[in-house]
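Here's structure_1.txt, which has compact mmCIF, C-alpha atoms:
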# COMPACT_ATOMS: atom_id res chain seq x y z
CA MET A 274 217.04 161.17 120.93
CA LYS A 275 215.12 164.00 122.52
CA LYS A 276 211.98 166.00 121.71
CA TYR A 277 212.61 169.63 120.85
CA THR A 278 210.07 172.43 120.51
CA ILE A 279 210.93 175.40 118.29
CA THR A 280 208.79 178.51 118.00
CA ALA A 281 209.27 180.87 115.09
CA LEU A 282 207.85 184.13 113.83
CA LEU A 283 207.36 184.10 110.08
CA ALA A 284 206.28 186.70 107.58
CA ASN A 285 202.54 186.22 107.15
CA LYS A 286 202.72 185.44 103.42
CA SER A 287 201.32 182.69 101.28
CA GLY A 288 203.63 179.68 100.83
CA VAL A 289 205.85 180.34 103.86
CA LEU A 290 204.56 177.35 105.83
CA THR A 291 205.01 175.12 102.77
CA ARG A 292 208.64 176.20 102.42
CA LEU A 293 209.23 175.66 106.13
CA SER A 294 207.77 172.13 106.18
CA GLY A 295 209.50 171.35 102.88
CA LEU A 296 212.81 172.16 104.51
CA PHE A 297 212.16 169.39 107.06
CA ALA A 298 211.11 166.92 104.35
CA ARG A 299 214.14 167.61 102.12
CA ARG A 300 216.49 167.00 105.02
CA GLY A 301 214.69 163.80 106.08
CA PHE A 302 213.64 165.24 109.46
CA ASN A 303 210.23 164.18 110.76
CA ILE A 304 207.86 166.70 112.34
CA ASP A 305 206.05 165.26 115.38
CA SER A 306 203.73 168.26 115.67
CA ILE A 307 203.26 171.57 113.89
CA SER A 308 200.91 174.38 114.84
CA ALA A 309 200.58 177.69 113.02
CA CYS A 310 198.47 180.77 113.71
CA ALA A 311 198.19 184.49 113.15
CA THR A 312 199.71 186.76 115.79
CA GLU A 313 198.72 190.07 117.33
CA ASP A 314 200.54 191.68 114.37
CA ALA A 315 198.95 190.89 110.98
CA ASN A 316 202.43 190.90 109.37
CA PHE A 317 203.53 187.79 111.28
CA SER A 318 202.49 184.20 111.88
CA ARG A 319 203.69 182.06 114.78
CA VAL A 320 204.66 178.44 114.19
CA THR A 321 205.43 175.86 116.85
CA ILE A 322 207.26 172.75 115.65
CA VAL A 323 207.98 169.65 117.74
CA PHE A 324 210.49 167.11 116.42
CA THR A 325 212.65 164.30 117.76
CA GLY A 326 216.39 164.32 117.23
CA ASP A 327 219.80 164.90 118.74
CA GLU A 328 221.82 168.09 119.25
CA TYR A 329 223.17 167.85 115.70
CA THR A 330 219.64 167.64 114.24
CA LEU A 331 218.59 170.65 116.33
CA SER A 332 221.61 172.60 115.11
CA GLN A 333 220.94 171.71 111.45
CA ILE A 334 217.26 172.59 111.65
CA THR A 335 217.85 175.98 113.30
CA LYS A 336 220.60 176.85 110.80
CA GLN A 337 218.39 175.90 107.85
CA LEU A 338 215.36 177.77 109.24
CA ASP A 339 217.52 180.83 109.82
CA LYS A 340 218.41 180.85 106.10
CA LEU A 341 214.76 181.19 105.06
CA ILE A 342 214.16 184.87 104.32
CA ASP A 343 210.59 184.84 105.69
CA VAL A 344 211.67 183.42 109.07
CA LYS A 345 212.09 186.47 111.32
CA LYS A 346 213.00 184.84 114.64
CA ILE A 347 213.52 181.31 115.96
CA THR A 348 213.70 180.22 119.58
CA LEU A 349 213.89 176.91 121.40
CA ALA A 350 210.95 176.55 123.81
CA ASP A 351 212.42 175.18 127.03
CA GLU A 352 209.85 173.30 129.14
CA LYS A 353 210.95 175.17 132.28
CA ASP A 354 210.71 178.63 130.70
CA SER A 355 207.66 178.08 128.48
CA VAL A 356 204.01 177.16 128.67
CA LEU A 357 203.27 174.27 126.28
CA ARG A 358 199.66 173.31 125.54
CA GLU A 359 197.79 171.03 123.18
CA LEU A 360 194.12 170.27 122.55
CA LEU A 361 192.75 166.72 122.23
CA LEU A 362 189.34 165.65 120.99
CA VAL A 363 188.67 161.93 121.40
CA LYS A 364 185.55 159.94 120.57
CA VAL A 365 185.15 156.85 122.75
CA SER A 366 182.65 154.07 123.01
CA ALA A 367 180.32 155.06 125.87
CA PRO A 368 177.52 152.55 126.46
CA ALA A 369 175.30 153.34 129.46
CA GLU A 370 177.03 150.79 131.72
CA LYS A 371 180.48 152.41 131.18
CA ARG A 372 179.51 156.10 131.40
CA SER A 373 179.98 156.52 135.14
CA GLU A 374 183.56 155.20 134.84
CA LEU A 375 184.28 157.59 131.96
CA ILE A 376 182.85 160.49 133.96
CA GLU A 377 185.20 159.65 136.87
CA ILE A 378 188.21 159.57 134.53
CA LYS A 379 187.08 162.83 132.93
CA GLU A 380 186.92 164.49 136.37
CA VAL A 381 190.44 163.35 137.33
CA TYR A 382 191.93 164.80 134.14
CA LYS A 383 189.62 167.85 134.07
CA ALA A 384 188.37 166.89 130.61
CA LYS A 385 185.00 167.99 129.23
CA ILE A 386 182.31 165.95 127.54
CA VAL A 387 181.50 168.03 124.46
CA ASP A 388 179.18 165.54 122.72
CA LEU A 389 177.16 162.59 123.95
CA SER A 390 175.15 160.10 121.92
CA PRO A 391 173.52 156.82 123.01
CA LYS A 392 176.72 154.85 122.24
CA THR A 393 179.58 157.37 122.13
CA ALA A 394 181.08 160.40 123.86
CA ILE A 395 183.49 163.03 122.61
CA LEU A 396 185.87 164.29 125.28
CA GLU A 397 187.96 167.45 125.12
CA LEU A 398 191.18 167.91 127.04
CA THR A 399 193.72 170.73 126.99
CA GLY A 400 197.11 170.49 128.64
CA GLU A 401 200.74 169.53 128.33
CA PRO A 402 201.38 166.79 125.77
CA ASN A 403 202.35 164.21 128.43
CA LYS A 404 199.03 164.81 130.23
CA LEU A 405 197.16 164.09 126.99
CA ASP A 406 199.27 160.96 126.43
CA GLY A 407 198.38 159.73 129.93
CA PHE A 408 194.69 160.41 129.38
CA ILE A 409 194.74 158.46 126.11
CA GLN A 410 196.35 155.46 127.85
CA VAL A 411 193.68 155.48 130.57
CA ILE A 412 190.70 155.68 128.20
CA GLU A 413 192.11 153.32 125.56
CA PRO A 414 190.47 150.23 127.12
CA TYR A 415 187.04 151.87 126.64
CA GLY A 416 187.56 151.90 122.89
CA ILE A 417 188.88 154.97 121.09
CA LEU A 418 186.86 155.38 117.89
CA GLU A 419 188.46 158.61 116.63
CA MET A 420 191.01 161.07 117.88
CA ALA A 421 192.42 164.46 116.83
CA ARG A 422 195.19 166.54 118.40
CA THR A 423 196.01 170.13 117.51
CA GLY A 424 199.74 170.04 117.97
CA VAL A 425 201.72 171.88 120.60
CA THR A 426 201.49 175.65 121.03
CA ALA A 427 204.11 177.41 123.14
CA LEU A 428 204.75 180.83 124.70
CA SER A 429 207.67 181.94 126.84
CA ARG A 430 206.91 182.57 130.51
CA GLY A 431 207.25 186.04 132.00
CA GLU A 432 207.99 189.22 130.11
CA LYS A 433 210.11 187.69 127.33
CA CYS A 434 208.28 187.87 123.98
CA LEU A 435 209.42 186.38 120.69
CA ASN A 436 208.15 189.41 118.77
CA ASP A 437 210.26 191.76 120.96
CA LEU A 438 213.27 190.26 119.23
CA VAL A 439 212.11 191.26 115.73
CA ASP A 440 213.01 194.51 114.03
CA TYR A 441 209.60 195.70 112.82
CA ASN A 442 211.29 198.10 110.40
CA GLU A 443 212.62 195.15 108.43
CA SER A 444 211.01 194.67 105.07
CA ILE A 445 208.46 191.89 105.25
When written as structure tokens, how does the structure in this file appear?
Amino acid sequence: MKKYTITALLANKSGVLTRLSGLFARRGFNIDSISACATEDANFSRVTIVFTGDEYTLSQITKQLDKLIDVKKITLADEKDSVLRELLLVKVSAPAEKRSELIEIKEVYKAKIVDLSPKTAILELTGEPNKLDGFIQVIEPYGILEMARTGVTALSRGEKCLNDLVDYNESI
């Protein structure tokens, strides 16, 4: 089993994301992460989906996505040819006697303290998913009270653009 990251351009219409995620649910495929946003063109939304599976699962998912009329382009985000980022907010127990240790850890990972109270701290970290996973493991002993992750967002490196592959004259 391997993690795959797919990016897709979708028509920016109501219900499209529901149909896309429903496709995964109907087929029994689990989504590890999903991130959706508007693009530079108001007609399109960009979705990044991370899932775990084998080559067959990848093939089935891309074929099924390709059948959805509102999906304009699908591409597999290769870690070597793409920039993958995720945002983490984590609230940890931060009594006075542990703060200097947390500050050292924060510096190593280049995290930010975005909120501080007498007993807690909220840390923010942006980076590749494995960096966030490592950070979580290191701060876990301090007591994670709450945590939220955005999901992976991906763009191809260099001049290649997903929207260059779309015929803008297509009906949307």
Quick one: residues within 9 Å of A:Ile378, only C-alpha atoms counted, chain neighbours fewer than 6 positions away excluded, as a ChimeraX atom specification?
/A:384,408,411-412
Separating atom CA of A:Met420 from atom CA of A:Ile376, to the nearest tenth of an Å, is a gap of 18.0 Å
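Across the model, the gap from atom CA of A:Glu397 to atom CA of A:Leu360 is 7.2 Å.
In this structure, atom CA of A:Pro414 sits 16.6 Å away from atom CA of A:Leu362.
Checking A:Asp327, A:Glu377, A:Glu432, A:Asp314 one by one against A:Asp354, counting all atoms listed in the file, you find the shortest gap at A:Glu432.
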Selection as a PyMOL selection string: residues within 10 Å of (178.0, 149.9, 116.7), counting only C-alpha atoms: chain A and resi 366+392-393
How would the residues just chosen look if you wrote them out with C-alpha atoms as a compact mmCIF listing (two decimals), in the frame of the given file?
# COMPACT_ATOMS: atom_id res chain seq x y z
CA SER A 366 182.65 154.07 123.01
CA LYS A 392 176.72 154.85 122.24
CA THR A 393 179.58 157.37 122.13
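Using all atoms listed in the file, the nearest neighbour of A:Ala284 within the list A:Ile342, A:Ile307, A:Leu331, A:Leu396 is A:Ile342.
With all atoms listed in the file as the atoms that count, the residue of A:Ala311, A:Lys371, A:Ile334, A:Asn285 with the shortest distance to A:Ala298 is A:Ile334.
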Taking every listed atom of stretch 365-378 of chain A and adding 8 Å to each side, what centre and edge lengths in Å (one decimal) does the axis-aligned box have, as AutoDock Vina command-line options?
--center_x 181.8 --center_y 155.6 --center_z 129.8 --size_x 28.9 --size_y 25.7 --size_z 30.1
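Of the residues under consideration (A:Phe317, A:Tyr329, A:Phe324, A:Tyr277), A:Phe324 shows the shortest atom-to-atom contact distance to A:Asn303 when counting only C-alpha atoms.
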